[in-house]
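Colleague: What follows is a structure written as structure tokens; I'll ask about it next.
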Amino acid sequence: QNVTENNLEPRSISFGGNTSVVPSAVPPPVPPPLNSTYFCTIDKGEVINPTCDVTFDEINEINGKIRKDLVSLVHTDFFKYFRLHLYKQCPFWNQNNGFCVNRACAVDVVEDWDSLPEYWQPEVLGGLQENETISDEESVKEDCKFLDDLCANNKKQRMIEPDIEYCDINDLHGEGSVLVDLTANPERFTGYGGQESSQIWSSIYGENCFSQGETGQSLAKDAFYRLVSGLHASIGTHLSNDHLNTETGKWGPDLDLFMARVGNFPDRVSNMYFNYAVVSKALWKIKPYLDHLKFCDSYDPSVKATIMNILSQLDSKVFNENLIFEGELSSKLKDDFRIRFKNVTQIMDCVHCDRCRMWGKVQTTGYATSLKILFELDESNENSKQHVVDKLTKYELIALFNTFDRLSKSIESVNNFEKMYNVRLEGGKIASFFKQNNFFKLLGRASRSISESVQSISKSIDQVSESQKPSGPVFADLKLPETNSKGSDEPKTNVWVKAWHTEIHNVCEAFKFIFRSYLDLPRNLYTLVLSVVNSMWNSFVGARYWNWEEENPVVYNLNTW
Ligand SMILES: Cc1cc2nc3c(=O)[nH]c(=O)nc-3n(C[C@H](O)[C@H](O)[C@H](O)COP(=O)(O)OP(=O)(O)OC[C@H]3O[C@@H](n4cnc5c(N)ncnc54)[C@H](O)[C@@H]3O)c2cc1C
């Protein structure tokens with residue numbers, strides 16, 4: 001696939017004497033309707049790609065196992081800082097026409113150096129200045145071990161072999177570079193877009209034009225396109241997952257945006273999985289060396305254990321890098337690939353939004369490091385190991401793990417979006433039921449139906465009494481009690497008012513009863529005393545045989561009202 005296939009119609013334009021490719025205005029993609037189940041067009045039991053012997057399901061499984069460790073790793077002091085030249089002139093055209101002035105586009109650089117661990121202090125970092133180079137002999141004598149400079153104040157710069165670099169690693173440090181805390185500048189929606197970002201993407205895809213007629217060209221070209229598209233999709237996933245809702249002012253996932261950018265395009269989703277396979281294979285390949293990695297004492301020893309936990313879950317079969325430059329392994333094609341990818345990393349300097357540029361640089365450095373490990377490290381050749389692994393810098397290692405974390409987060413988000421999508425799609429009826437029938441609406445409806453039924457009952461009662469009324473002059477001699485002749489003309493008395501009156505009436509009756517009881521009390525007491533005195537007198541005069549009570553049973557009248 002090329003630029004044109006992605007609706008990015010390129011046109012040639014001259015920037016400061018160089019001819020470059022910039023896009024014409026790109027209309028936003030028109031998403032298909034949500035009810036066409038695009039997620040389902042990916043068979044998760046299928047392998048991702050002919051070069052990857054791993055299925056979507058298997059990658060999901062691996063990712064589930066390592067996700068927690070990866071998150072904790074990129075939040076450690078060592079992996080969360082990154083040094084880079086953030087404000088370089090774009091090397092491909094002279095003027096930057098657009099600027100992203102949103103707060104979300106800004107990067108907070110580290111200024112409070114005292115708060116940093118020793119290995120991030122300026123004097124330690126200063127040991128990596130470009131102008132301090134050493135000769136080959138010195139380099140060998142130094143007998144440097146892999147990533148020795150992680151903690152030490154290494155004043156010597158190792159020789160950089162330009163022919164194996166997929167990015168300019170000198171670009172990461174030296175004068176003008178800044179240190180950033182990646183965790184303090186999350187990759188999320190920034191509002192960067194329009195003509196400016198389209199121009200960048202178009203230039204990036206434009207790099208995918210390899211010279212014709214090379215052996216294995218199609219696989220290399222395909223891999224290049226997938227890498228770029230996977231990066232593009234991963235960025236689109238992050239900005240949809242951490243998106244600002246301008247109505248509520250809250251950050252959160254936006255399913256519609258995700259579907260429009262990524263979810264509706266199975267190839268974009270699969271390219272993210274492809275990138276995951278590529279980066280994880282690179283990590284798998286350097287596992288034996290990372291095992292011997294020595295961190296300084298001040299550094300948390302559990303970090304190495306975390307790295308090993310992650311790497312132990314990875315599998316070599318996820319990606320077969322040997323297929324990409326198959327056959328006679330055309331070095332020209334590989335060189336072409338490397339130079340073009342290096343261009344992609346340099347295009348990052350042209351990104352107008354600082355935050356996007358920062359993450360663009362971190363991730364393209366991560367991919368470049370992966371490609372170097374995959375294509376330049378020949379495990380059967382000790383020299384090649386020395387050449388590649390021993391010369392990796394801490395910046396490349398940090399970029400590599402952070403890029404893996406970005407992809408891992410994207411895979412996690414895709415799965416979450418799929419759940420949201422299915423809930424919306426299949427649970428649509430339930431959702432719409434609840435939407436239409438929330439508690440207050442149900443309550444309102446219930447009260448309406450009660451009053452309606454009460455009204456219908458009173459109406460039917462009225463109808464019955466109406467029907468009992470003689471409709472004509474039948475029984476004209478019969479005198480019926482006067483009915484309220486206004487009844488049918490006046491509006492009906494509300495049943496609630498009637499109920500209220502009944503209640504008031506009952507309460508009044510209760511009060512009347514209590515009042516009457518108080519009035520009757522003296523008389524009742526008098527009757528009681530008289531009967532007791534009478535009984536005592538009879539007993540005194542000897543009239544015991546006569547039971548007055550039997551003859552005159554006391555009868556109490558109970559007011560059972
Ligand atoms: C390096 C870089 C980093 C960025 N980082 C951020 C960021 O952190 N936060 C943020 O909010 N924005 C970021 N952006 C901007 C973001 O990528 C989009 O460009 C922007 O949101 C505008 O999107 P869009 O829908 O107009 O299309 P774009 O994403 O600009 O895409 C342009 C065209 O490319 C094609 N396309 C889109 N995705 C793919 C794909 N995966 N594979 C193949 N073709 C595709 C489509 O035809 C699309 O119309 C970044 C841009 C760049 C260049």
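Lettering and numbering for the structure tokens are positional, with chains as A, B, ... in the shown order, residues counted from 1 in each chain, and ligands counted from 1 in the shown order.
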Compute the set of protein, DNA and RNA residues whose minimum atom distance to ligand 1 is at most 7 Å, using only C-alpha atoms and all ligand atoms, and state it as a ChimeraX atom specification.

Modeller: /A:6-8,26-29,187-194,197-198,200-201,229-233,235-236,239,261-262,268,348,351,355-357,359-360

Colleague: Keeping only C-alpha atoms, write the selected residues as a JSON list (two decimals), in the first residue's frame.

Modeller:
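Listed below is the output, again.json:
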```json
[["chain", "number", "residue", "atom", "x", "y", "z"],
["A", 6, "ASN", "CA", -4.49, 6.05, 2.01],
["A", 7, "ASN", "CA", -6.33, 8.97, 0.51],
["A", 8, "LEU", "CA", -3.21, 11.04, 0.88],
["A", 26, "VAL", "CA", -7.42, 15.49, 3.42],
["A", 27, "PRO", "CA", -11.09, 15.26, 4.25],
["A", 28, "PRO", "CA", -11.74, 13.46, 7.53],
["A", 29, "PRO", "CA", -12.57, 9.78, 7.10],
["A", 187, "GLU", "CA", 0.51, 10.75, 25.30],
["A", 188, "ARG", "CA", -3.08, 11.78, 24.73],
["A", 189, "PHE", "CA", -5.39, 14.06, 22.79],
["A", 190, "THR", "CA", -3.71, 17.41, 22.12],
["A", 191, "GLY", "CA", -5.94, 18.93, 19.48],
["A", 192, "TYR", "CA", -3.11, 18.80, 16.92],
["A", 193, "GLY", "CA", -4.53, 18.08, 13.49],
["A", 194, "GLY", "CA", -5.65, 19.56, 10.20],
["A", 197, "SER", "CA", -0.47, 16.85, 10.90],
["A", 198, "SER", "CA", -1.67, 15.55, 7.52],
["A", 200, "ILE", "CA", 3.63, 15.09, 8.45],
["A", 201, "TRP", "CA", 1.82, 11.79, 7.93],
["A", 229, "SER", "CA", 0.60, 2.62, 9.89],
["A", 230, "GLY", "CA", 0.85, 0.76, 13.22],
["A", 231, "LEU", "CA", 2.49, 3.81, 14.80],
["A", 232, "HIS", "CA", -0.21, 6.04, 13.30],
["A", 233, "ALA", "CA", -2.97, 3.74, 14.59],
["A", 235, "ILE", "CA", -1.28, 7.32, 18.30],
["A", 236, "GLY", "CA", -4.92, 7.42, 17.14],
["A", 239, "LEU", "CA", -5.74, 10.11, 21.62],
["A", 261, "ARG", "CA", -9.75, 6.60, 13.36],
["A", 262, "VAL", "CA", -8.88, 2.96, 13.97],
["A", 268, "ARG", "CA", -4.87, -0.55, 11.11],
["A", 348, "MET", "CA", 9.58, 14.10, 13.82],
["A", 351, "VAL", "CA", 5.89, 18.01, 14.04],
["A", 355, "ARG", "CA", 3.99, 16.83, 23.12],
["A", 356, "CYS", "CA", 3.30, 14.94, 19.87],
["A", 357, "ARG", "CA", 6.88, 15.52, 18.73],
["A", 359, "TRP", "CA", 6.27, 11.00, 21.87],
["A", 360, "GLY", "CA", 6.91, 10.74, 18.13]]
```

Colleague: Would you please extract all alpha helix (DSSP H) residues from stretch 226-355 of chain A, as assigned by DSSP on the backbone, and give them as a PyMOL selection string?

Modeller: chain A and resi 226-241+255-258+266-285+287-290+302-312+331-347+354-355

Colleague: Excluding stretch 68-81 of chain A and residues on its chain fewer than 3 positions from it, collect all residues at most 6 Å away from it, counting only C-alpha atoms, and give them as number ranges by chain.

Modeller: A: 180-182, 398

Colleague: Hey, what's within 10 Å of A:Met420 if we count only C-alpha atoms and toss same-chain stuff fewer than 5 positions away? As a PDB file with C-alpha atoms, in the first residue's frame, please?

Modeller:
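Contents of selection-v9.pdb, as written:
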```pdb
ATOM      1  CA  PRO A 253     -12.270   7.101  26.142  1.00  0.00           C
ATOM      2  CA  ASP A 254     -14.259   8.214  23.110  1.00  0.00           C
ATOM      3  CA  LEU A 255     -15.586   5.160  21.266  1.00  0.00           C
ATOM      4  CA  VAL A 414      -8.383  -1.901  21.590  1.00  0.00           C
ATOM      5  CA  ASN A 415      -9.769  -4.716  23.738  1.00  0.00           C
ATOM      6  CA  LEU A 425     -24.200  -2.803  19.788  1.00  0.00           C
ATOM      7  CA  GLY A 427     -26.906  -4.122  24.630  1.00  0.00           C
TER       8      GLY A 427
END
```

Colleague: From the options A:Asn538, A:Asn63, A:Asn208, A:Thr369, which residue's atoms come nearest to A:Ala282, counting only C-alpha atoms?

Modeller: A:Thr369

Colleague: Just give me the gap between atom CA of A:Leu311 and atom CA of A:Thr365 in Å, one decimal is fine.

Modeller: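 So the answer is 19.9 Å.
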